[in-house]
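File shown: final-v5.txt. Contents: compact mmCIF, C-alpha atoms (C1' of nucleotides) and all ligand atoms.
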```txt
# COMPACT_ATOMS: atom_id res chain seq x y z
CA MET A 27 -21.71 -30.10 -45.75
CA ASN A 28 -25.36 -30.87 -46.30
CA GLU A 29 -28.04 -28.75 -47.81
CA LEU A 30 -29.52 -26.53 -45.15
CA GLU A 31 -33.08 -25.38 -45.66
CA PRO A 32 -33.99 -22.39 -43.53
CA GLU A 33 -37.20 -21.87 -45.42
CA HIS A 34 -38.93 -24.70 -43.59
CA LEU A 35 -38.04 -23.17 -40.26
CA LYS A 36 -39.08 -19.69 -41.26
CA SER A 37 -42.41 -20.88 -42.54
CA ALA A 38 -42.90 -22.61 -39.22
CA GLY A 39 -42.28 -19.37 -37.36
CA LEU A 40 -38.94 -20.55 -36.00
CA LYS A 41 -35.82 -18.55 -36.56
CA SER A 42 -33.16 -20.35 -38.46
CA THR A 43 -30.48 -21.28 -35.97
CA LEU A 44 -27.59 -23.66 -36.45
CA PRO A 45 -28.84 -26.37 -34.05
CA ARG A 46 -32.27 -26.31 -35.64
CA LEU A 47 -30.86 -26.59 -39.12
CA LYS A 48 -28.68 -29.51 -38.14
CA VAL A 49 -31.48 -31.41 -36.47
CA LEU A 50 -33.78 -30.88 -39.41
CA ASP A 51 -31.07 -31.96 -41.79
CA LEU A 52 -30.60 -35.15 -39.83
CA PHE A 53 -34.24 -36.04 -40.29
CA LYS A 54 -34.35 -35.04 -43.94
CA ASN A 55 -31.03 -36.43 -45.11
CA GLY A 56 -30.00 -38.86 -42.40
CA GLN A 57 -30.32 -42.61 -42.64
CA ALA A 58 -32.55 -43.34 -39.66
CA ARG A 59 -36.18 -42.43 -40.02
CA HIS A 60 -37.21 -42.84 -36.37
CA MET A 61 -34.89 -41.24 -33.80
CA SER A 62 -34.93 -40.47 -30.09
CA ALA A 63 -33.51 -37.29 -28.60
CA GLU A 64 -30.46 -39.24 -27.50
CA ASP A 65 -30.06 -40.68 -31.01
CA VAL A 66 -30.10 -37.19 -32.50
CA TYR A 67 -27.74 -35.88 -29.85
CA GLN A 68 -25.21 -38.64 -30.46
CA LEU A 69 -25.38 -38.34 -34.23
CA LEU A 70 -24.77 -34.61 -34.10
CA ARG A 71 -21.99 -35.10 -31.60
CA ASP A 72 -20.41 -37.81 -33.76
CA SER A 73 -20.41 -35.48 -36.73
CA GLY A 74 -18.41 -32.99 -34.71
CA ASP A 75 -21.23 -30.58 -33.94
CA ASN A 76 -21.46 -29.22 -30.43
CA VAL A 77 -25.14 -29.06 -29.56
CA GLY A 78 -26.45 -29.42 -26.05
CA LEU A 79 -28.78 -32.24 -25.16
CA ALA A 80 -31.24 -29.73 -23.71
CA THR A 81 -31.29 -27.97 -27.06
CA VAL A 82 -32.01 -31.21 -28.85
CA TYR A 83 -34.99 -31.84 -26.58
CA ARG A 84 -36.19 -28.27 -27.00
CA VAL A 85 -35.85 -28.34 -30.78
CA LEU A 86 -37.56 -31.70 -31.15
CA THR A 87 -40.53 -30.47 -29.13
CA GLN A 88 -40.67 -27.24 -31.11
CA PHE A 89 -40.56 -29.14 -34.38
CA GLU A 90 -43.33 -31.38 -33.15
CA GLN A 91 -45.47 -28.39 -32.24
CA ALA A 92 -44.67 -26.77 -35.57
CA GLY A 93 -45.84 -29.92 -37.33
CA LEU A 94 -42.43 -30.71 -38.80
CA LEU A 95 -41.99 -33.88 -36.75
CA VAL A 96 -44.29 -36.45 -35.22
CA ARG A 97 -43.60 -37.95 -31.80
CA HIS A 98 -44.21 -41.60 -30.96
CA ASN A 99 -43.99 -43.40 -27.66
CA PHE A 100 -42.87 -46.91 -28.44
CA GLU A 101 -42.05 -49.28 -25.62
CA GLY A 102 -38.79 -48.48 -23.90
CA GLY A 103 -39.68 -45.24 -22.22
CA LYS A 104 -38.13 -42.80 -24.68
CA SER A 105 -39.95 -40.68 -27.24
CA VAL A 106 -39.12 -41.30 -30.88
CA PHE A 107 -39.53 -38.72 -33.64
CA GLU A 108 -39.88 -38.88 -37.38
CA LEU A 109 -40.44 -36.43 -40.19
CA ASN A 110 -44.08 -35.48 -40.60
CA GLU A 111 -44.95 -36.26 -44.16
CA GLY A 112 -48.59 -35.44 -43.85
CA THR A 113 -50.01 -38.92 -43.99
CA HIS A 114 -50.81 -40.93 -40.89
CA HIS A 115 -49.40 -44.40 -40.41
CA ASP A 116 -48.92 -46.92 -37.64
CA HIS A 117 -45.93 -49.06 -36.71
CA ILE A 118 -44.82 -52.62 -36.25
CA VAL A 119 -41.64 -52.95 -34.23
CA CYS A 120 -39.24 -55.90 -34.04
CA MET A 121 -38.51 -56.74 -30.43
CA GLN A 122 -35.22 -58.39 -31.39
CA CYS A 123 -33.46 -55.89 -33.64
CA GLY A 124 -35.63 -52.81 -33.13
CA HIS A 125 -36.43 -52.57 -36.82
CA VAL A 126 -39.58 -50.54 -37.50
CA GLU A 127 -41.96 -51.00 -40.41
CA GLU A 128 -44.75 -48.61 -41.18
CA PHE A 129 -48.23 -49.47 -42.36
CA TYR A 130 -51.57 -47.90 -42.99
CA ASP A 131 -54.77 -49.87 -43.03
CA SER A 132 -57.97 -48.08 -43.91
CA ALA A 133 -60.11 -50.89 -42.50
CA ILE A 134 -58.48 -50.44 -39.08
CA GLU A 135 -58.79 -46.69 -39.30
CA SER A 136 -62.48 -46.77 -40.15
CA ARG A 137 -63.27 -49.34 -37.47
CA GLN A 138 -61.66 -46.98 -34.97
CA LYS A 139 -63.90 -44.16 -36.08
CA LYS A 140 -66.96 -46.35 -35.74
CA ILE A 141 -65.95 -47.58 -32.28
CA ALA A 142 -65.31 -44.06 -31.02
CA ALA A 143 -68.67 -42.92 -32.35
CA GLU A 144 -70.48 -45.83 -30.69
CA LEU A 145 -68.83 -45.05 -27.38
CA GLY A 146 -69.60 -41.35 -27.68
CA PHE A 147 -66.06 -40.11 -28.18
CA GLU A 148 -64.72 -37.54 -30.58
CA ILE A 149 -61.31 -38.85 -31.70
CA HIS A 150 -58.31 -36.55 -31.36
CA ASP A 151 -55.64 -39.10 -31.97
CA HIS A 152 -54.71 -42.74 -31.73
CA THR A 153 -51.65 -44.91 -31.49
CA LEU A 154 -51.34 -48.44 -32.75
CA GLN A 155 -48.15 -50.39 -32.38
CA ILE A 156 -47.63 -54.06 -33.10
CA TYR A 157 -44.65 -55.70 -31.42
CA GLY A 158 -43.11 -58.89 -32.70
CA ASP A 159 -40.10 -60.57 -34.27
CA CYS A 160 -39.30 -59.77 -37.84
CA THR A 161 -38.14 -63.24 -38.83
CA LYS A 162 -37.45 -66.14 -36.57
CA THR A 163 -34.30 -67.12 -38.42
CA LYS A 164 -31.89 -64.29 -39.17
CA CYS A 165 -33.42 -61.40 -37.32
CA PRO A 166 -31.25 -58.36 -38.08
CA HIS A 167 -33.70 -57.48 -40.70
CA ARG A 168 -32.92 -59.69 -43.68
CA ARG A 169 -32.90 -57.96 -46.99
CA MET B 29 -61.83 -55.94 6.32
CA ASN B 30 -62.08 -57.32 2.80
CA GLU B 31 -61.85 -60.87 1.61
CA LEU B 32 -58.23 -61.79 1.17
CA GLU B 33 -57.46 -64.52 -1.30
CA PRO B 34 -54.01 -66.02 -0.83
CA GLU B 35 -54.78 -68.86 -3.20
CA HIS B 36 -54.24 -66.64 -6.26
CA LEU B 37 -50.83 -65.66 -5.01
CA LYS B 38 -49.80 -69.18 -4.12
CA SER B 39 -50.84 -70.50 -7.50
CA ALA B 40 -48.73 -67.77 -9.04
CA GLY B 41 -45.70 -68.91 -7.04
CA LEU B 42 -45.75 -65.83 -4.85
CA LYS B 43 -45.88 -66.14 -1.11
CA SER B 44 -48.89 -64.58 0.47
CA THR B 45 -47.73 -61.41 2.17
CA LEU B 46 -49.81 -58.60 3.54
CA PRO B 47 -48.83 -55.96 0.95
CA ARG B 48 -49.50 -58.39 -1.89
CA LEU B 49 -52.89 -59.31 -0.53
CA LYS B 50 -53.85 -55.68 -0.13
CA VAL B 51 -52.80 -54.73 -3.63
CA LEU B 52 -54.60 -57.68 -5.15
CA ASP B 53 -57.69 -56.86 -3.13
CA LEU B 54 -57.65 -53.31 -4.45
CA PHE B 55 -57.76 -54.56 -8.01
CA LYS B 56 -60.39 -57.20 -7.29
CA ASN B 57 -62.70 -55.27 -5.02
CA GLY B 58 -61.72 -51.65 -5.54
CA GLN B 59 -63.67 -49.18 -7.62
CA ALA B 60 -61.05 -48.16 -10.15
CA ARG B 61 -60.22 -50.67 -12.83
CA HIS B 62 -57.09 -48.98 -14.23
CA MET B 63 -54.58 -47.77 -11.64
CA SER B 64 -51.03 -46.47 -11.60
CA ALA B 65 -48.49 -47.37 -8.92
CA GLU B 66 -49.07 -44.00 -7.32
CA ASP B 67 -52.84 -44.56 -7.39
CA VAL B 68 -52.43 -47.87 -5.61
CA TYR B 69 -49.98 -46.39 -3.13
CA GLN B 70 -52.31 -43.53 -2.23
CA LEU B 71 -55.38 -45.74 -1.93
CA LEU B 72 -53.57 -48.12 0.42
CA ARG B 73 -52.19 -45.22 2.38
CA ASP B 74 -55.65 -43.61 2.61
CA SER B 75 -57.07 -46.83 3.97
CA GLY B 76 -54.54 -46.68 6.78
CA ASP B 77 -52.18 -49.35 5.46
CA ASN B 78 -48.49 -48.64 5.64
CA VAL B 79 -46.97 -50.03 2.47
CA GLY B 80 -43.88 -48.60 0.87
CA LEU B 81 -44.03 -47.12 -2.59
CA ALA B 82 -41.12 -49.35 -3.61
CA THR B 83 -43.13 -52.36 -2.54
CA VAL B 84 -46.09 -51.24 -4.61
CA TYR B 85 -43.87 -50.99 -7.68
CA ARG B 86 -42.30 -54.37 -6.94
CA VAL B 87 -45.63 -56.08 -6.39
CA LEU B 88 -47.22 -54.60 -9.49
CA THR B 89 -44.34 -55.83 -11.63
CA GLN B 90 -44.46 -59.26 -10.00
CA PHE B 91 -48.20 -59.50 -10.58
CA GLU B 92 -47.69 -58.50 -14.17
CA GLN B 93 -45.06 -61.20 -14.63
CA ALA B 94 -47.30 -63.70 -12.88
CA GLY B 95 -50.09 -62.85 -15.30
CA LEU B 96 -52.39 -61.45 -12.60
CA LEU B 97 -52.22 -57.90 -13.95
CA VAL B 98 -51.72 -56.32 -17.34
CA ARG B 99 -49.64 -53.17 -17.75
CA HIS B 100 -50.55 -50.37 -20.13
CA ASN B 101 -48.62 -47.29 -21.12
CA PHE B 102 -51.17 -44.62 -21.80
CA GLU B 103 -50.05 -41.08 -22.49
CA GLY B 104 -48.81 -39.29 -19.41
CA GLY B 105 -45.65 -41.22 -18.71
CA LYS B 106 -46.90 -43.50 -15.96
CA SER B 107 -47.73 -47.19 -16.28
CA VAL B 108 -51.31 -48.20 -15.57
CA PHE B 109 -52.35 -51.67 -14.43
CA GLU B 110 -55.57 -53.61 -14.51
CA LEU B 111 -56.71 -57.09 -13.56
CA ASN B 112 -55.91 -59.67 -16.21
CA GLU B 113 -59.19 -61.33 -17.03
CA GLY B 114 -57.85 -63.43 -19.83
CA THR B 115 -59.40 -61.62 -22.73
CA HIS B 116 -57.57 -58.95 -24.69
CA HIS B 117 -59.08 -55.54 -25.21
CA ASP B 118 -57.98 -52.08 -26.27
CA HIS B 119 -58.74 -48.65 -24.83
CA ILE B 120 -60.24 -45.31 -25.67
CA VAL B 121 -59.24 -42.57 -23.26
CA CYS B 122 -60.92 -39.22 -22.68
CA MET B 123 -58.34 -36.44 -22.77
CA GLN B 124 -60.56 -34.20 -20.65
CA CYS B 125 -61.65 -36.30 -17.70
CA GLY B 126 -59.35 -39.31 -18.08
CA HIS B 127 -62.26 -41.71 -18.36
CA VAL B 128 -61.30 -45.00 -20.01
CA GLU B 129 -63.58 -47.23 -22.05
CA GLU B 130 -62.58 -50.66 -23.20
CA PHE B 131 -63.36 -52.25 -26.53
CA TYR B 132 -62.55 -55.27 -28.60
CA ASP B 133 -62.94 -55.34 -32.34
CA SER B 134 -62.27 -58.58 -34.14
CA ALA B 135 -61.98 -56.82 -37.49
CA ILE B 136 -59.12 -54.70 -36.16
CA GLU B 137 -57.49 -57.70 -34.55
CA SER B 138 -57.59 -59.79 -37.71
CA ARG B 139 -56.32 -56.94 -39.87
CA GLN B 140 -53.37 -56.67 -37.54
CA LYS B 141 -52.58 -60.34 -37.98
CA LYS B 142 -52.75 -60.00 -41.72
CA ILE B 143 -50.53 -56.93 -41.77
CA ALA B 144 -47.92 -58.57 -39.56
CA ALA B 145 -47.90 -61.64 -41.78
CA GLU B 146 -47.48 -59.55 -44.93
CA LEU B 147 -44.57 -57.70 -43.39
CA GLY B 148 -42.95 -60.90 -42.18
CA PHE B 149 -43.46 -60.38 -38.47
CA GLU B 150 -44.59 -62.81 -35.82
CA ILE B 151 -46.79 -60.82 -33.45
CA HIS B 152 -45.98 -60.91 -29.75
CA ASP B 153 -48.19 -58.10 -28.67
CA HIS B 154 -49.85 -54.89 -29.70
CA THR B 155 -51.24 -51.74 -28.16
CA LEU B 156 -54.03 -49.64 -29.54
CA GLN B 157 -55.24 -46.56 -27.79
CA ILE B 158 -57.68 -43.99 -29.09
CA TYR B 159 -57.55 -40.56 -27.48
CA GLY B 160 -60.45 -38.15 -27.61
CA ASP B 161 -63.15 -36.30 -25.71
CA CYS B 162 -66.01 -38.28 -24.35
CA THR B 163 -68.68 -35.65 -24.99
CA LYS B 164 -68.16 -32.05 -25.88
CA THR B 165 -70.84 -30.85 -23.50
CA LYS B 166 -70.66 -32.25 -19.96
CA CYS B 167 -67.43 -34.18 -20.01
CA PRO B 168 -67.15 -35.87 -16.61
CA HIS B 169 -68.53 -38.93 -18.19
CA ARG B 170 -72.24 -38.43 -18.57
CA ARG B 171 -74.35 -41.43 -17.76
C1' DG C 10 -46.08 -73.15 19.38
C1' DT C 11 -41.14 -71.95 18.79
C1' DC C 12 -36.99 -71.42 15.65
C1' DG C 13 -34.44 -70.27 11.70
C1' DC C 14 -33.83 -68.24 7.55
C1' DA C 15 -34.68 -67.00 3.00
C1' DA C 16 -37.92 -63.99 1.04
C1' DA C 17 -40.16 -59.68 1.31
C1' DC C 18 -40.42 -55.05 3.13
C1' DG C 19 -39.76 -49.97 3.81
C1' DA C 20 -36.93 -46.06 3.65
C1' DT C 21 -34.09 -43.90 0.91
C1' DA C 22 -30.46 -43.44 -2.55
C1' DA C 23 -29.74 -44.02 -7.39
C1' DT C 24 -31.04 -44.01 -12.31
C1' DC C 25 -33.15 -42.40 -16.59
C1' DA C 26 -35.54 -39.50 -19.55
C1' DT C 27 -36.89 -35.06 -19.79
C1' DT C 28 -37.47 -30.21 -18.31
C1' DC C 29 -35.95 -26.02 -16.05
C1' DT C 30 -32.61 -22.24 -14.85
C1' DC C 31 -29.62 -18.92 -15.99
C1' DA C 32 -25.49 -16.88 -17.66
C1' DT C 33 -23.61 -16.49 -22.34
C1' DT C 34 -24.04 -16.47 -27.35
C1' DT C 35 -26.25 -15.52 -31.70
C1' DG C 36 -29.68 -14.39 -35.43
C1' DC C 37 -31.31 -10.62 -37.48
C1' DA C 38 -33.42 -6.17 -37.97
C1' DT C 39 -31.92 -1.42 -37.67
C1' DA D 21 -21.43 -2.41 -37.01
C1' DT D 22 -24.96 -2.23 -32.89
C1' DG D 23 -28.64 -3.78 -29.91
C1' DC D 24 -31.36 -7.02 -28.01
C1' DA D 25 -34.71 -10.48 -27.73
C1' DA D 26 -34.49 -15.19 -28.71
C1' DA D 27 -31.81 -19.29 -28.51
C1' DT D 28 -28.23 -22.02 -26.65
C1' DG D 29 -25.48 -25.05 -23.46
C1' DA D 30 -24.06 -26.70 -18.94
C1' DG D 31 -25.76 -28.31 -15.30
C1' DA D 32 -29.41 -28.44 -11.66
C1' DA D 33 -34.06 -30.09 -10.92
C1' DT D 34 -37.97 -33.15 -11.65
C1' DG D 35 -40.92 -37.20 -11.92
C1' DA D 36 -41.31 -42.01 -12.55
C1' DT D 37 -39.21 -46.13 -11.61
C1' DT D 38 -35.52 -49.22 -9.82
C1' DA D 39 -31.68 -50.62 -6.78
C1' DT D 40 -29.66 -50.99 -2.10
C1' DC D 41 -29.61 -52.53 2.35
C1' DG D 42 -30.68 -53.13 7.09
C1' DT D 43 -34.98 -54.86 9.33
C1' DT D 44 -39.19 -57.63 9.41
C1' DT D 45 -42.04 -61.56 8.35
C1' DG D 46 -44.11 -65.78 6.24
C1' DC D 47 -43.80 -70.41 6.81
C1' DG D 48 -41.71 -74.92 6.96
C1' DA D 49 -38.95 -77.79 10.29
C1' DC D 50 -38.67 -79.14 14.77
MN MN A 201 -43.16 -43.89 -38.84
MN MN A 202 -58.61 -52.21 -19.69
ZN ZN A 203 -53.60 -45.69 -37.45
ZN ZN A 204 -56.36 -55.11 -29.75
```
Show how you would write the structure in this file as structure tokens.
Ligand SMILES: [Mn+2]
Ligand SMILES: [Mn+2]
Ligand SMILES: [Zn+2]
Ligand SMILES: [Zn+2]
Amino acid sequence: MNELEPEHLKSAGLKSTLPRLKVLDLFKNGQARHMSAEDVYQLLRDSGDNVGLATVYRVLTQFEQAGLLVRHNFEGGKSVFELNEGTHHDHIVCMQCGHVEEFYDSAIESRQKKIAAELGFEIHDHTLQIYGDCTKTKCPHRR
Amino acid sequence: MNELEPEHLKSAGLKSTLPRLKVLDLFKNGQARHMSAEDVYQLLRDSGDNVGLATVYRVLTQFEQAGLLVRHNFEGGKSVFELNEGTHHDHIVCMQCGHVEEFYDSAIESRQKKIAAELGFEIHDHTLQIYGDCTKTKCPHRR
DNA sequence: GTCGCAAACGATAATCATTCTCATTTGCAT
DNA sequence: ATGCAAATGAGAATGATTATCGTTTGCGAC
């Protein structure tokens, strides 16, 4: 019973189907910001929806191409997606509990540009992930 | 007919077998610095050696754990290995020809430390890759 | 230099994430 | 309501990597 928003799909040139609306809703109104295809599949399944895993993969890729989602390849072999909110950021991931924090550092970004220029590259993209432990003591991210 | 160096393996607690010596030799005396398991397998095969692909995977992982090699996960789904020469560096990869340049930037490294500290993380590791084109004109890395 | 045996190998089956195939369903314009 | 291309879902296929298991080999003890 969540708000469905077909306008985003239409404006992305995608017809508004039930699976697409549900996946988009998960990213917009769900609790987890970074989700793998399997995560999405299980969440939809748990909420009683019958979507195929192949459809989840297809839709995630389509949303990525449409600019609605961004794909990341953290360690662990599976792609992770998040809502594209326009602004770039990088990630620091806890190797104990999997918690992810986001950050943006203009000094790092500008150094990258300078390095690429010096080496004669035109940057298309970059990925920066820091892996660590979020707090030695009580890991499951204290708050 | 290359120099084989069993001492590195012994000091790493690995017994000096033929496949291990050949793989290590490829990284020490071969032409490519960054190689996937399949790359290594094909190169050994081309040079007439009969090593199993499973053995290549096993040996690469063992060398990584022994600290002889470092593993990277560039885009493309396959792990890439290189000789561990003690000093950390990051990579910029050409999306046209696959050429890889290495760089180290202390400003980026120290910003990362600061960010992790601010967010309450103890850094274990990080990966930074820049993807781009090495030169619009004649890509296959001009000299 | 043999022996013995655990460690390592090689071939191949299995696993995992992801993509492909294809028969069936569905969004949506007439 | 009808038609049909586009989308879906179940399951097969793929590509990278790992596990299994019978055979081979490095190497220390004799
Ligand atoms: Mn993020
Ligand atoms: Mn390198
Ligand atoms: Zn960044
Ligand atoms: Zn670095």
Each residue of region 62-128 of chain A with at least one atom at most 8 Å from region 26-35 of chain C should appear once, together with its nearest atom pair and the corresponding distance in Å (one decimal); atoms considered: all atoms listed in the file; ordering: chain, then increasing residue number; output as CSV.
```
residue,atom,partner,partner_atom,distance
A:Tyr83,CA,C:DT27,C1',7.8
A:Gly103,CA,C:DA26,C1',7.6
A:Lys104,CA,C:DA26,C1',6.6
```
- Message: Around ligand ZN 204 (chain A), out to 12 Å and counting all atoms listed in the file, which residues are there? I want them as a PyMOL selection string.
- Response: (chain A and resi 134+137-138+153-157) or (chain B and resi 115-120+130-141+151-158)
Could you write out the selected residues, including C-alpha atoms, as an mmCIF file, in the frame of the given file?
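Listed below is the output, part_21.cif:
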```cif
data_model
loop_
_atom_site.group_PDB
_atom_site.id
_atom_site.type_symbol
_atom_site.label_atom_id
_atom_site.label_comp_id
_atom_site.auth_asym_id
_atom_site.auth_seq_id
_atom_site.Cartn_x
_atom_site.Cartn_y
_atom_site.Cartn_z
ATOM 1 C CA ILE A 134 -58.480 -50.440 -39.080
ATOM 2 C CA ARG A 137 -63.270 -49.340 -37.470
ATOM 3 C CA GLN A 138 -61.660 -46.980 -34.970
ATOM 4 C CA THR A 153 -51.650 -44.910 -31.490
ATOM 5 C CA LEU A 154 -51.340 -48.440 -32.750
ATOM 6 C CA GLN A 155 -48.150 -50.390 -32.380
ATOM 7 C CA ILE A 156 -47.630 -54.060 -33.100
ATOM 8 C CA TYR A 157 -44.650 -55.700 -31.420
ATOM 9 C CA THR B 115 -59.400 -61.620 -22.730
ATOM 10 C CA HIS B 116 -57.570 -58.950 -24.690
ATOM 11 C CA HIS B 117 -59.080 -55.540 -25.210
ATOM 12 C CA ASP B 118 -57.980 -52.080 -26.270
ATOM 13 C CA HIS B 119 -58.740 -48.650 -24.830
ATOM 14 C CA ILE B 120 -60.240 -45.310 -25.670
ATOM 15 C CA GLU B 130 -62.580 -50.660 -23.200
ATOM 16 C CA PHE B 131 -63.360 -52.250 -26.530
ATOM 17 C CA TYR B 132 -62.550 -55.270 -28.600
ATOM 18 C CA ASP B 133 -62.940 -55.340 -32.340
ATOM 19 C CA SER B 134 -62.270 -58.580 -34.140
ATOM 20 C CA ALA B 135 -61.980 -56.820 -37.490
ATOM 21 C CA ILE B 136 -59.120 -54.700 -36.160
ATOM 22 C CA GLU B 137 -57.490 -57.700 -34.550
ATOM 23 C CA SER B 138 -57.590 -59.790 -37.710
ATOM 24 C CA ARG B 139 -56.320 -56.940 -39.870
ATOM 25 C CA GLN B 140 -53.370 -56.670 -37.540
ATOM 26 C CA LYS B 141 -52.580 -60.340 -37.980
ATOM 27 C CA ILE B 151 -46.790 -60.820 -33.450
ATOM 28 C CA HIS B 152 -45.980 -60.910 -29.750
ATOM 29 C CA ASP B 153 -48.190 -58.100 -28.670
ATOM 30 C CA HIS B 154 -49.850 -54.890 -29.700
ATOM 31 C CA THR B 155 -51.240 -51.740 -28.160
ATOM 32 C CA LEU B 156 -54.030 -49.640 -29.540
ATOM 33 C CA GLN B 157 -55.240 -46.560 -27.790
ATOM 34 C CA ILE B 158 -57.680 -43.990 -29.090
#
```
- Message: Which residues are close to DA26 (chain D), i.e. within 12 Å by all atoms listed in the file, leaving aside same-chain residues fewer than 6 positions away? Reply as a PyMOL selection string.
- Response: (chain A and resi 40-43) or (chain C and resi 34-37)
- Message: Please check the contacts: residues of chain D at most 10 Å away from chain A, using all atoms listed in the file, listed as a PyMOL selection string.
- Response: chain D and resi 26-30
- Task: Would you list the contacts of Ala92 (chain A) as a list in words, taking every protein, DNA or RNA residue within 10 Å and counting all atoms listed in the file, but skipping same-chain residues closer than 6 positions in sequence?
- Result: Leu35, Ser37, Ala38, Gly39, Leu40 and Leu86 of chain A
List every protein, DNA or RNA residue that has at least one atom no more than 12 Å from (-22.3, -38.7, -39.7) in the file's coordinates, counting only C-alpha atoms (C1' of nucleotides), and write the result as a PDB file with C-alpha atoms, in the coordinates of the input.
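Dumped to selection.pdb:
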```pdb
ATOM      1  CA  MET A  27     -21.710 -30.100 -45.750  1.00  0.00           C
ATOM      2  CA  ASN A  28     -25.360 -30.870 -46.300  1.00  0.00           C
ATOM      3  CA  LYS A  48     -28.680 -29.510 -38.140  1.00  0.00           C
ATOM      4  CA  ASP A  51     -31.070 -31.960 -41.790  1.00  0.00           C
ATOM      5  CA  LEU A  52     -30.600 -35.150 -39.830  1.00  0.00           C
ATOM      6  CA  ASN A  55     -31.030 -36.430 -45.110  1.00  0.00           C
ATOM      7  CA  GLY A  56     -30.000 -38.860 -42.400  1.00  0.00           C
ATOM      8  CA  GLN A  57     -30.320 -42.610 -42.640  1.00  0.00           C
ATOM      9  CA  ALA A  58     -32.550 -43.340 -39.660  1.00  0.00           C
ATOM     10  CA  ASP A  65     -30.060 -40.680 -31.010  1.00  0.00           C
ATOM     11  CA  VAL A  66     -30.100 -37.190 -32.500  1.00  0.00           C
ATOM     12  CA  TYR A  67     -27.740 -35.880 -29.850  1.00  0.00           C
ATOM     13  CA  GLN A  68     -25.210 -38.640 -30.460  1.00  0.00           C
ATOM     14  CA  LEU A  69     -25.380 -38.340 -34.230  1.00  0.00           C
ATOM     15  CA  LEU A  70     -24.770 -34.610 -34.100  1.00  0.00           C
ATOM     16  CA  ARG A  71     -21.990 -35.100 -31.600  1.00  0.00           C
ATOM     17  CA  ASP A  72     -20.410 -37.810 -33.760  1.00  0.00           C
ATOM     18  CA  SER A  73     -20.410 -35.480 -36.730  1.00  0.00           C
ATOM     19  CA  GLY A  74     -18.410 -32.990 -34.710  1.00  0.00           C
ATOM     20  CA  ASP A  75     -21.230 -30.580 -33.940  1.00  0.00           C
TER      21      ASP A  75
END
```
Will you give me region 16-33 of chain C, written with C-alpha atoms (C1' of nucleotides) and laid out as a tab-separated table (two decimals), in the first residue's frame?
```
chain	number	residue	atom	x	y	z
C	16	DA	C1'	50.74	-32.02	0.16
C	17	DA	C1'	49.79	-30.53	-4.37
C	18	DC	C1'	47.92	-31.40	-8.91
C	19	DG	C1'	44.69	-31.83	-12.91
C	20	DA	C1'	40.33	-32.95	-14.67
C	21	DT	C1'	35.95	-32.14	-13.97
C	22	DA	C1'	31.78	-31.37	-11.27
C	23	DA	C1'	29.65	-27.91	-8.48
C	24	DT	C1'	28.51	-23.17	-7.03
C	25	DC	C1'	27.22	-18.32	-7.48
C	26	DA	C1'	25.89	-14.26	-9.62
C	27	DT	C1'	24.03	-12.85	-13.65
C	28	DT	C1'	22.12	-13.24	-18.36
C	29	DC	C1'	19.48	-15.53	-21.92
C	30	DT	C1'	15.41	-18.06	-23.92
C	31	DC	C1'	10.89	-18.52	-24.72
C	32	DA	C1'	6.14	-19.34	-23.79
C	33	DT	C1'	2.71	-16.58	-21.33
```
